[in-house]
Amino acid sequence: MLLAAILLLTTLPPLAEDSAVALRAQVVTLRASGAEGAPYYQHVARAVSNWRAQAGAELRPVSLALVARVAPTEPAFVARCAKLNNYWCIKSARWTGEVGADAEGHTGFATAADGADAAAGLLRRYYRDYGRRTALAIVRRWAPASCGLPLLGPIAKNAKPSPLAPRGIGGTLRARYLARHLPGGARRGGRTALRVQPWSPLARMSGHPARRPAIATRVASRPVADIAAGLSDKPAAVSARVVRGADDPSALLDRKVPSPDRLVAESALLPMIVSGLSLGDLRAPAPLCGGDEVRIGNYAAAIAKSVGLRSTDDLALFSPDGSPLSNLAAVMRAMSAVELGALHAGPPLIEAAIARLGPVTAATADAAK
């Protein structure tokens with residue numbers, strides 16, 4: 001019995017190790033089969049399910065691409081379009097391989113190759129059909145300005161300023177009260193007199209002596225003898241000293257001020273600070289998209305620099321018959337670098353997409369970015 005038990009214990013560990021190895025291999029096989037499923041768009045993560053594998057294989061530099069693939073958490077240098085397999089940030093337009101889109105309309109592609117094919121075809125459409133041959137012209141349509149405020153149209157000369165939300169936002173009782181009253185409870189449009197503090201510079205530098213209360217004048221009498229007590233000659237008045245605003249500031253509190261209507265009328269006659277507006281127009285000027293213009297200029301400069309040109313030069317991307325030229329690969333790489341930041345599309349991905357460009361047909365996607 002004892003010998004049989006010893007023999008059984010010595011044979012169990014190898015069998016257990018073999019079972020563990022077989023179980024581990026089965027788990028790896030199941031994981032691999034699950035990872036090879038059809039990619040889909042994850043709405044919560046705002047990413048395509050296979051973006052890590054695609055990024056590790058198709059993005060450069062290789063070191064950062066491997067970090068993006070195996071990191072347990074999303075690295076900070078990974079742009080949102082990299083998680084969509086959309087390395088050129090193309091907007092949704094029913095592209096081949098499209099599996100979804102984020103809230104801003106950027107397409108999620110099943111593979112990075114589908115995104116590269118869409119980018120190459122879209123650039124050819126811009127260059128040939130839209131006549132956008134310079135870097136600046138392409139970027140203005142590829143990544144247009146997004147100020148968020150529409151530009152104002154022609155302004156009437158006699159237009160009057162109108163209040164914003166006169167009944168308050170939402171029309172609630174509280175909103176209507178706030179729309180009718182100033183901070184502190186004073187009603188809007190009321191005729192309130194200007195309050196001048198006695199110690200303010202306005203009280204010291206100005207005033208109306210005629211409206212000040214009368215000041216008692218001093219009188220002097222001639223000295224009389226004791227036997228004539230109570231008797232005196234006719235008093236002689238002493239001239240009063242001229243009192244200024246600093247001597248009696250309280251007299252300035254009843255100072256009259258112009259009505260609000262008169263102040264608005266007089267301010268309308270002043271020269272406007274903003275050029276191009278009529279003197280009677282009191283509305284704010286149209287907002288300027290200065291930040292977006294700088295961004296577009298830098299984007300176009302990066303594209304043109306990749307082929308040794310200026311942003312206003314013809315990029316020479318396609319021939320008249322639509323065949324791709326040598327500058328197309330460099331421009332696509334530069335555009336992906338601008339969109340992705342630290343990463344950019346690899347040369348094999350771009351060259352394969354250019355090689356797959358077929359002849360120009362009417363079936364080309366007609367949706368613009």
# chains A, B, ... in the order shown; residues from 1 in each chain; ligands from 1

call {"tool": "residues_around", "arguments": {"residues": "segment 299-302 of chain A", "least_positions_apart": "4", "cutoff": "6 Å", "atoms": "only C-alpha atoms", "output": "list in words"}}
result
Ala135, Leu136 and Ser311 of chain A

call {"tool": "closest_residue", "arguments": {"among": "A:Leu178, A:Ala345, A:Cys89, A:Ala120", "to": "Ala65 of chain A", "atoms": "only C-alpha atoms"}}
result
A:Ala345

call {"tool": "residues_around", "arguments": {"residues": "Pro324 of chain A", "least_positions_apart": "5", "cutoff": "12 Å", "atoms": "only C-alpha atoms", "output": "PDB file with all heavy atoms, in the first residue's frame"}}
result
ATOM      1  N   ALA A 120      -6.499  58.593 -50.037  1.00  0.00           N
ATOM      2  CA  ALA A 120      -5.923  58.740 -51.374  1.00  0.00           C
ATOM      3  C   ALA A 120      -6.997  59.110 -52.395  1.00  0.00           C
ATOM      4  O   ALA A 120      -6.802  59.997 -53.243  1.00  0.00           O
ATOM      5  CB  ALA A 120      -5.224  57.445 -51.784  1.00  0.00           C
ATOM      6  N   GLY A 121      -8.147  58.456 -52.334  1.00  0.00           N
ATOM      7  CA  GLY A 121      -9.218  58.795 -53.263  1.00  0.00           C
ATOM      8  C   GLY A 121      -9.773  60.192 -53.048  1.00  0.00           C
ATOM      9  O   GLY A 121     -10.121  60.887 -54.009  1.00  0.00           O
ATOM     10  N   LEU A 123      -8.120  62.803 -51.831  1.00  0.00           N
ATOM     11  CA  LEU A 123      -7.146  63.777 -52.322  1.00  0.00           C
ATOM     12  C   LEU A 123      -7.227  63.901 -53.844  1.00  0.00           C
ATOM     13  O   LEU A 123      -7.101  65.002 -54.387  1.00  0.00           O
ATOM     14  CB  LEU A 123      -5.736  63.361 -51.892  1.00  0.00           C
ATOM     15  CG  LEU A 123      -5.317  63.738 -50.474  1.00  0.00           C
ATOM     16  CD1 LEU A 123      -3.949  63.161 -50.147  1.00  0.00           C
ATOM     17  CD2 LEU A 123      -5.300  65.250 -50.308  1.00  0.00           C
ATOM     18  N   ARG A 124      -7.431  62.793 -54.517  1.00  0.00           N
ATOM     19  CA  ARG A 124      -7.555  62.878 -55.984  1.00  0.00           C
ATOM     20  C   ARG A 124      -8.809  63.649 -56.375  1.00  0.00           C
ATOM     21  O   ARG A 124      -8.794  64.413 -57.349  1.00  0.00           O
ATOM     22  CB  ARG A 124      -7.576  61.471 -56.593  1.00  0.00           C
ATOM     23  CG  ARG A 124      -7.673  61.488 -58.110  1.00  0.00           C
ATOM     24  CD  ARG A 124      -7.355  60.155 -58.717  1.00  0.00           C
ATOM     25  NE  ARG A 124      -8.334  59.120 -58.341  1.00  0.00           N
ATOM     26  CZ  ARG A 124      -8.265  57.863 -58.787  1.00  0.00           C
ATOM     27  NH1 ARG A 124      -7.288  57.493 -59.605  1.00  0.00           N
ATOM     28  NH2 ARG A 124      -9.169  56.985 -58.413  1.00  0.00           N
ATOM     29  N   ARG A 125      -9.887  63.472 -55.624  1.00  0.00           N
ATOM     30  CA  ARG A 125     -11.106  64.218 -55.938  1.00  0.00           C
ATOM     31  C   ARG A 125     -10.907  65.710 -55.689  1.00  0.00           C
ATOM     32  O   ARG A 125     -11.370  66.540 -56.478  1.00  0.00           O
ATOM     33  CB  ARG A 125     -12.260  63.687 -55.096  1.00  0.00           C
ATOM     34  CG  ARG A 125     -13.585  64.347 -55.433  1.00  0.00           C
ATOM     35  CD  ARG A 125     -14.725  63.616 -54.766  1.00  0.00           C
ATOM     36  NE  ARG A 125     -16.013  64.204 -55.125  1.00  0.00           N
ATOM     37  CZ  ARG A 125     -16.655  63.976 -56.246  1.00  0.00           C
ATOM     38  NH1 ARG A 125     -16.128  63.163 -57.164  1.00  0.00           N
ATOM     39  NH2 ARG A 125     -17.822  64.533 -56.495  1.00  0.00           N
ATOM     40  N   TYR A 127      -8.098  67.326 -55.875  1.00  0.00           N
ATOM     41  CA  TYR A 127      -7.136  67.857 -56.848  1.00  0.00           C
ATOM     42  C   TYR A 127      -7.748  67.979 -58.240  1.00  0.00           C
ATOM     43  O   TYR A 127      -7.561  68.997 -58.908  1.00  0.00           O
ATOM     44  CB  TYR A 127      -5.907  66.947 -56.875  1.00  0.00           C
ATOM     45  CG  TYR A 127      -4.719  67.525 -57.588  1.00  0.00           C
ATOM     46  CD1 TYR A 127      -3.815  68.354 -56.927  1.00  0.00           C
ATOM     47  CD2 TYR A 127      -4.489  67.246 -58.930  1.00  0.00           C
ATOM     48  CE1 TYR A 127      -2.711  68.882 -57.582  1.00  0.00           C
ATOM     49  CE2 TYR A 127      -3.391  67.763 -59.595  1.00  0.00           C
ATOM     50  CZ  TYR A 127      -2.512  68.595 -58.906  1.00  0.00           C
ATOM     51  OH  TYR A 127      -1.423  69.112 -59.562  1.00  0.00           O
ATOM     52  N   ARG A 128      -8.496  66.986 -58.669  1.00  0.00           N
ATOM     53  CA  ARG A 128      -8.996  66.977 -60.036  1.00  0.00           C
ATOM     54  C   ARG A 128     -10.372  67.627 -60.168  1.00  0.00           C
ATOM     55  O   ARG A 128     -10.594  68.475 -61.017  1.00  0.00           O
ATOM     56  CB  ARG A 128      -9.061  65.537 -60.575  1.00  0.00           C
ATOM     57  CG  ARG A 128      -7.715  64.844 -60.651  1.00  0.00           C
ATOM     58  CD  ARG A 128      -7.817  63.495 -61.349  1.00  0.00           C
ATOM     59  NE  ARG A 128      -8.070  63.649 -62.775  1.00  0.00           N
ATOM     60  CZ  ARG A 128      -9.243  63.423 -63.348  1.00  0.00           C
ATOM     61  NH1 ARG A 128     -10.287  63.065 -62.618  1.00  0.00           N
ATOM     62  NH2 ARG A 128      -9.397  63.573 -64.649  1.00  0.00           N
ATOM     63  N   LEU A 315       0.903  71.337 -55.829  1.00  0.00           N
ATOM     64  CA  LEU A 315       1.585  70.204 -55.207  1.00  0.00           C
ATOM     65  C   LEU A 315       1.932  69.106 -56.207  1.00  0.00           C
ATOM     66  O   LEU A 315       2.717  68.201 -55.850  1.00  0.00           O
ATOM     67  CB  LEU A 315       0.706  69.619 -54.102  1.00  0.00           C
ATOM     68  CG  LEU A 315       0.465  70.519 -52.893  1.00  0.00           C
ATOM     69  CD1 LEU A 315      -0.496  69.849 -51.917  1.00  0.00           C
ATOM     70  CD2 LEU A 315       1.773  70.852 -52.197  1.00  0.00           C
ATOM     71  N   ALA A 316       1.350  69.113 -57.380  1.00  0.00           N
ATOM     72  CA  ALA A 316       1.631  68.099 -58.409  1.00  0.00           C
ATOM     73  C   ALA A 316       1.397  66.697 -57.860  1.00  0.00           C
ATOM     74  O   ALA A 316       2.284  65.844 -57.832  1.00  0.00           O
ATOM     75  CB  ALA A 316       3.066  68.245 -58.931  1.00  0.00           C
ATOM     76  N   LEU A 317       0.163  66.453 -57.448  1.00  0.00           N
ATOM     77  CA  LEU A 317      -0.178  65.155 -56.869  1.00  0.00           C
ATOM     78  C   LEU A 317      -0.633  64.149 -57.913  1.00  0.00           C
ATOM     79  O   LEU A 317      -0.378  62.947 -57.758  1.00  0.00           O
ATOM     80  CB  LEU A 317      -1.278  65.336 -55.810  1.00  0.00           C
ATOM     81  CG  LEU A 317      -0.954  66.258 -54.636  1.00  0.00           C
ATOM     82  CD1 LEU A 317      -2.139  66.329 -53.679  1.00  0.00           C
ATOM     83  CD2 LEU A 317       0.293  65.785 -53.908  1.00  0.00           C
ATOM     84  N   PHE A 318      -1.336  64.622 -58.949  1.00  0.00           N
ATOM     85  CA  PHE A 318      -1.896  63.715 -59.941  1.00  0.00           C
ATOM     86  C   PHE A 318      -1.662  64.289 -61.330  1.00  0.00           C
ATOM     87  O   PHE A 318      -1.576  65.504 -61.511  1.00  0.00           O
ATOM     88  CB  PHE A 318      -3.400  63.503 -59.712  1.00  0.00           C
ATOM     89  CG  PHE A 318      -3.725  62.846 -58.407  1.00  0.00           C
ATOM     90  CD1 PHE A 318      -3.992  63.609 -57.281  1.00  0.00           C
ATOM     91  CD2 PHE A 318      -3.748  61.465 -58.301  1.00  0.00           C
ATOM     92  CE1 PHE A 318      -4.288  63.009 -56.080  1.00  0.00           C
ATOM     93  CE2 PHE A 318      -4.047  60.858 -57.097  1.00  0.00           C
ATOM     94  CZ  PHE A 318      -4.315  61.623 -55.981  1.00  0.00           C
ATOM     95  N   SER A 319      -1.580  63.391 -62.289  1.00  0.00           N
ATOM     96  CA  SER A 319      -1.457  63.791 -63.688  1.00  0.00           C
ATOM     97  C   SER A 319      -2.836  64.139 -64.228  1.00  0.00           C
ATOM     98  O   SER A 319      -3.852  63.881 -63.576  1.00  0.00           O
ATOM     99  CB  SER A 319      -0.832  62.646 -64.498  1.00  0.00           C
ATOM    100  OG  SER A 319      -1.660  61.495 -64.432  1.00  0.00           O
ATOM    101  N   ALA A 329       2.784  60.459 -52.017  1.00  0.00           N
ATOM    102  CA  ALA A 329       3.165  59.703 -50.823  1.00  0.00           C
ATOM    103  C   ALA A 329       3.690  60.626 -49.736  1.00  0.00           C
ATOM    104  O   ALA A 329       3.342  60.484 -48.551  1.00  0.00           O
ATOM    105  CB  ALA A 329       4.209  58.649 -51.195  1.00  0.00           C
ATOM    106  N   ALA A 330       4.531  61.577 -50.091  1.00  0.00           N
ATOM    107  CA  ALA A 330       5.076  62.498 -49.096  1.00  0.00           C
ATOM    108  C   ALA A 330       3.981  63.379 -48.500  1.00  0.00           C
ATOM    109  O   ALA A 330       3.977  63.664 -47.293  1.00  0.00           O
ATOM    110  CB  ALA A 330       6.172  63.356 -49.727  1.00  0.00           C
ATOM    111  N   VAL A 331       3.044  63.821 -49.330  1.00  0.00           N
ATOM    112  CA  VAL A 331       1.954  64.665 -48.831  1.00  0.00           C
ATOM    113  C   VAL A 331       1.054  63.881 -47.886  1.00  0.00           C
ATOM    114  O   VAL A 331       0.645  64.382 -46.831  1.00  0.00           O
ATOM    115  CB  VAL A 331       1.163  65.247 -50.015  1.00  0.00           C
ATOM    116  CG1 VAL A 331      -0.132  65.886 -49.538  1.00  0.00           C
ATOM    117  CG2 VAL A 331       2.004  66.281 -50.750  1.00  0.00           C
ATOM    118  N   MET A 332       0.745  62.645 -48.214  1.00  0.00           N
ATOM    119  CA  MET A 332      -0.096  61.835 -47.334  1.00  0.00           C
ATOM    120  C   MET A 332       0.602  61.561 -46.001  1.00  0.00           C
ATOM    121  O   MET A 332      -0.040  61.568 -44.943  1.00  0.00           O
ATOM    122  CB  MET A 332      -0.465  60.518 -48.018  1.00  0.00           C
ATOM    123  CG  MET A 332      -1.416  60.664 -49.189  1.00  0.00           C
ATOM    124  SD  MET A 332      -1.927  59.060 -49.893  1.00  0.00           S
ATOM    125  CE  MET A 332      -2.802  58.338 -48.519  1.00  0.00           C
ATOM    126  N   GLU A 351       2.021  53.501 -49.564  1.00  0.00           N
ATOM    127  CA  GLU A 351       2.352  53.011 -50.904  1.00  0.00           C
ATOM    128  C   GLU A 351       1.328  51.986 -51.381  1.00  0.00           C
ATOM    129  O   GLU A 351       0.977  51.949 -52.574  1.00  0.00           O
ATOM    130  CB  GLU A 351       3.763  52.410 -50.885  1.00  0.00           C
ATOM    131  CG  GLU A 351       4.854  53.452 -50.661  1.00  0.00           C
ATOM    132  CD  GLU A 351       6.214  52.810 -50.452  1.00  0.00           C
ATOM    133  OE1 GLU A 351       6.272  51.560 -50.494  1.00  0.00           O
ATOM    134  OE2 GLU A 351       7.199  53.538 -50.259  1.00  0.00           O
ATOM    135  N   ALA A 353      -1.833  51.892 -50.545  1.00  0.00           N
ATOM    136  CA  ALA A 353      -3.067  52.606 -50.886  1.00  0.00           C
ATOM    137  C   ALA A 353      -2.944  53.300 -52.231  1.00  0.00           C
ATOM    138  O   ALA A 353      -3.903  53.315 -53.027  1.00  0.00           O
ATOM    139  CB  ALA A 353      -3.385  53.620 -49.785  1.00  0.00           C
ATOM    140  N   ILE A 354      -1.788  53.881 -52.516  1.00  0.00           N
ATOM    141  CA  ILE A 354      -1.586  54.531 -53.816  1.00  0.00           C
ATOM    142  C   ILE A 354      -1.617  53.502 -54.943  1.00  0.00           C
ATOM    143  O   ILE A 354      -2.164  53.760 -56.024  1.00  0.00           O
ATOM    144  CB  ILE A 354      -0.269  55.319 -53.795  1.00  0.00           C
ATOM    145  CG1 ILE A 354      -0.340  56.471 -52.790  1.00  0.00           C
ATOM    146  CG2 ILE A 354       0.059  55.850 -55.189  1.00  0.00           C
ATOM    147  CD1 ILE A 354       0.962  57.234 -52.623  1.00  0.00           C
ATOM    148  N   ALA A 355      -1.033  52.342 -54.672  1.00  0.00           N
ATOM    149  CA  ALA A 355      -1.043  51.304 -55.706  1.00  0.00           C
ATOM    150  C   ALA A 355      -2.446  50.790 -55.981  1.00  0.00           C
ATOM    151  O   ALA A 355      -2.729  50.334 -57.108  1.00  0.00           O
ATOM    152  CB  ALA A 355      -0.140  50.149 -55.271  1.00  0.00           C
ATOM    153  N   ARG A 356      -3.334  50.849 -54.997  1.00  0.00           N
ATOM    154  CA  ARG A 356      -4.703  50.373 -55.188  1.00  0.00           C
ATOM    155  C   ARG A 356      -5.607  51.414 -55.831  1.00  0.00           C
ATOM    156  O   ARG A 356      -6.783  51.127 -56.099  1.00  0.00           O
ATOM    157  CB  ARG A 356      -5.303  49.948 -53.845  1.00  0.00           C
ATOM    158  CG  ARG A 356      -4.733  48.655 -53.294  1.00  0.00           C
ATOM    159  CD  ARG A 356      -5.570  48.161 -52.121  1.00  0.00           C
ATOM    160  NE  ARG A 356      -5.511  49.074 -50.995  1.00  0.00           N
ATOM    161  CZ  ARG A 356      -4.624  48.989 -49.994  1.00  0.00           C
ATOM    162  NH1 ARG A 356      -3.706  48.022 -50.018  1.00  0.00           N
ATOM    163  NH2 ARG A 356      -4.648  49.850 -49.001  1.00  0.00           N
ATOM    164  N   LEU A 357      -5.131  52.625 -56.065  1.00  0.00           N
ATOM    165  CA  LEU A 357      -5.955  53.636 -56.719  1.00  0.00           C
ATOM    166  C   LEU A 357      -6.295  53.186 -58.132  1.00  0.00           C
ATOM    167  O   LEU A 357      -5.420  53.001 -58.978  1.00  0.00           O
ATOM    168  CB  LEU A 357      -5.223  54.976 -56.779  1.00  0.00           C
ATOM    169  CG  LEU A 357      -5.356  55.896 -55.565  1.00  0.00           C
ATOM    170  CD1 LEU A 357      -4.529  57.153 -55.764  1.00  0.00           C
ATOM    171  CD2 LEU A 357      -6.807  56.264 -55.298  1.00  0.00           C
ATOM    172  N   GLY A 358      -7.553  53.013 -58.391  1.00  0.00           N
ATOM    173  CA  GLY A 358      -7.971  52.590 -59.717  1.00  0.00           C
ATOM    174  C   GLY A 358      -8.200  53.778 -60.624  1.00  0.00           C
ATOM    175  O   GLY A 358      -7.991  54.943 -60.261  1.00  0.00           O
ATOM    176  N   PRO A 359      -8.648  53.531 -61.825  1.00  0.00           N
ATOM    177  CA  PRO A 359      -8.940  54.637 -62.753  1.00  0.00           C
ATOM    178  C   PRO A 359     -10.116  55.457 -62.251  1.00  0.00           C
ATOM    179  O   PRO A 359     -10.968  54.990 -61.491  1.00  0.00           O
ATOM    180  CB  PRO A 359      -9.278  53.910 -64.066  1.00  0.00           C
ATOM    181  CG  PRO A 359      -9.709  52.545 -63.647  1.00  0.00           C
ATOM    182  CD  PRO A 359      -8.921  52.208 -62.421  1.00  0.00           C
ATOM    183  N   VAL A 360     -10.158  56.698 -62.683  1.00  0.00           N
ATOM    184  CA  VAL A 360     -11.218  57.605 -62.271  1.00  0.00           C
ATOM    185  C   VAL A 360     -12.526  57.183 -62.913  1.00  0.00           C
ATOM    186  O   VAL A 360     -12.620  57.051 -64.142  1.00  0.00           O
ATOM    187  CB  VAL A 360     -10.879  59.056 -62.666  1.00  0.00           C
ATOM    188  CG1 VAL A 360     -11.985  60.009 -62.234  1.00  0.00           C
ATOM    189  CG2 VAL A 360      -9.558  59.453 -62.044  1.00  0.00           C
TER     190      VAL A 360
END

call {"tool": "select_by_dssp", "arguments": {"residues": "segment 20-138 of chain A", "states": "strand (DSSP E or B)", "output": "list in words"}}
result
Tyr41, Gln42, Ala47, Val48, Leu59, Arg60, Lys91, Glu98, Val99, Gly100, Ala101, His106, Thr107, Gly108, Phe109 and Thr134 of chain A

call {"tool": "decode", "arguments": {"residues": "segment 291-309 of chain A", "atoms": "N, CA, C and O atoms", "output": "PDB file, in the first residue's frame"}}
result
ATOM      1  N   GLY A 291      -7.367  82.095 -34.554  1.00  0.00           N
ATOM      2  CA  GLY A 291      -6.724  80.853 -34.177  1.00  0.00           C
ATOM      3  C   GLY A 291      -6.821  79.809 -35.265  1.00  0.00           C
ATOM      4  O   GLY A 291      -5.854  79.097 -35.550  1.00  0.00           O
ATOM      5  N   ASP A 292      -7.967  79.693 -35.912  1.00  0.00           N
ATOM      6  CA  ASP A 292      -8.126  78.713 -36.981  1.00  0.00           C
ATOM      7  C   ASP A 292      -7.300  79.079 -38.204  1.00  0.00           C
ATOM      8  O   ASP A 292      -6.794  78.197 -38.899  1.00  0.00           O
ATOM      9  N   GLU A 293      -7.174  80.348 -38.500  1.00  0.00           N
ATOM     10  CA  GLU A 293      -6.354  80.756 -39.640  1.00  0.00           C
ATOM     11  C   GLU A 293      -4.895  80.382 -39.418  1.00  0.00           C
ATOM     12  O   GLU A 293      -4.205  79.950 -40.343  1.00  0.00           O
ATOM     13  N   VAL A 294      -4.425  80.548 -38.196  1.00  0.00           N
ATOM     14  CA  VAL A 294      -3.047  80.146 -37.893  1.00  0.00           C
ATOM     15  C   VAL A 294      -2.887  78.640 -38.030  1.00  0.00           C
ATOM     16  O   VAL A 294      -1.893  78.137 -38.574  1.00  0.00           O
ATOM     17  N   ARG A 295      -3.867  77.888 -37.532  1.00  0.00           N
ATOM     18  CA  ARG A 295      -3.804  76.430 -37.622  1.00  0.00           C
ATOM     19  C   ARG A 295      -3.802  75.969 -39.074  1.00  0.00           C
ATOM     20  O   ARG A 295      -3.022  75.094 -39.460  1.00  0.00           O
ATOM     21  N   ILE A 296      -4.663  76.568 -39.884  1.00  0.00           N
ATOM     22  CA  ILE A 296      -4.725  76.189 -41.298  1.00  0.00           C
ATOM     23  C   ILE A 296      -3.418  76.540 -42.004  1.00  0.00           C
ATOM     24  O   ILE A 296      -2.911  75.768 -42.820  1.00  0.00           O
ATOM     25  N   GLY A 297      -2.864  77.709 -41.679  1.00  0.00           N
ATOM     26  CA  GLY A 297      -1.594  78.086 -42.295  1.00  0.00           C
ATOM     27  C   GLY A 297      -0.460  77.148 -41.931  1.00  0.00           C
ATOM     28  O   GLY A 297       0.360  76.774 -42.785  1.00  0.00           O
ATOM     29  N   ASN A 298      -0.399  76.731 -40.658  1.00  0.00           N
ATOM     30  CA  ASN A 298       0.649  75.793 -40.236  1.00  0.00           C
ATOM     31  C   ASN A 298       0.449  74.421 -40.877  1.00  0.00           C
ATOM     32  O   ASN A 298       1.422  73.755 -41.261  1.00  0.00           O
ATOM     33  N   TYR A 299      -0.804  73.992 -40.979  1.00  0.00           N
ATOM     34  CA  TYR A 299      -1.101  72.712 -41.619  1.00  0.00           C
ATOM     35  C   TYR A 299      -0.637  72.728 -43.077  1.00  0.00           C
ATOM     36  O   TYR A 299       0.033  71.803 -43.560  1.00  0.00           O
ATOM     37  N   ALA A 300      -1.009  73.784 -43.801  1.00  0.00           N
ATOM     38  CA  ALA A 300      -0.623  73.872 -45.215  1.00  0.00           C
ATOM     39  C   ALA A 300       0.888  73.983 -45.374  1.00  0.00           C
ATOM     40  O   ALA A 300       1.464  73.405 -46.305  1.00  0.00           O
ATOM     41  N   ALA A 301       1.552  74.707 -44.480  1.00  0.00           N
ATOM     42  CA  ALA A 301       3.010  74.837 -44.577  1.00  0.00           C
ATOM     43  C   ALA A 301       3.697  73.491 -44.376  1.00  0.00           C
ATOM     44  O   ALA A 301       4.695  73.185 -45.047  1.00  0.00           O
ATOM     45  N   ALA A 302       3.178  72.677 -43.442  1.00  0.00           N
ATOM     46  CA  ALA A 302       3.777  71.358 -43.217  1.00  0.00           C
ATOM     47  C   ALA A 302       3.617  70.464 -44.443  1.00  0.00           C
ATOM     48  O   ALA A 302       4.525  69.702 -44.803  1.00  0.00           O
ATOM     49  N   ILE A 303       2.462  70.547 -45.104  1.00  0.00           N
ATOM     50  CA  ILE A 303       2.250  69.737 -46.307  1.00  0.00           C
ATOM     51  C   ILE A 303       3.192  70.188 -47.424  1.00  0.00           C
ATOM     52  O   ILE A 303       3.849  69.368 -48.084  1.00  0.00           O
ATOM     53  N   ALA A 304       3.246  71.493 -47.661  1.00  0.00           N
ATOM     54  CA  ALA A 304       4.091  71.993 -48.752  1.00  0.00           C
ATOM     55  C   ALA A 304       5.573  71.747 -48.485  1.00  0.00           C
ATOM     56  O   ALA A 304       6.344  71.457 -49.415  1.00  0.00           O
ATOM     57  N   LYS A 305       5.975  71.833 -47.221  1.00  0.00           N
ATOM     58  CA  LYS A 305       7.387  71.615 -46.895  1.00  0.00           C
ATOM     59  C   LYS A 305       7.823  70.188 -47.176  1.00  0.00           C
ATOM     60  O   LYS A 305       8.993  69.927 -47.468  1.00  0.00           O
ATOM     61  N   SER A 306       6.895  69.232 -47.098  1.00  0.00           N
ATOM     62  CA  SER A 306       7.263  67.838 -47.327  1.00  0.00           C
ATOM     63  C   SER A 306       7.715  67.578 -48.761  1.00  0.00           C
ATOM     64  O   SER A 306       8.431  66.603 -49.017  1.00  0.00           O
ATOM     65  N   VAL A 307       7.310  68.436 -49.688  1.00  0.00           N
ATOM     66  CA  VAL A 307       7.730  68.279 -51.089  1.00  0.00           C
ATOM     67  C   VAL A 307       8.551  69.481 -51.556  1.00  0.00           C
ATOM     68  O   VAL A 307       8.744  69.656 -52.768  1.00  0.00           O
ATOM     69  N   GLY A 308       9.011  70.313 -50.624  1.00  0.00           N
ATOM     70  CA  GLY A 308       9.881  71.432 -50.972  1.00  0.00           C
ATOM     71  C   GLY A 308       9.194  72.563 -51.695  1.00  0.00           C
ATOM     72  O   GLY A 308       9.829  73.229 -52.524  1.00  0.00           O
ATOM     73  N   LEU A 309       7.914  72.815 -51.401  1.00  0.00           N
ATOM     74  CA  LEU A 309       7.172  73.875 -52.061  1.00  0.00           C
ATOM     75  C   LEU A 309       6.593  74.833 -51.028  1.00  0.00           C
ATOM     76  O   LEU A 309       6.708  74.622 -49.811  1.00  0.00           O
TER      77      LEU A 309
END
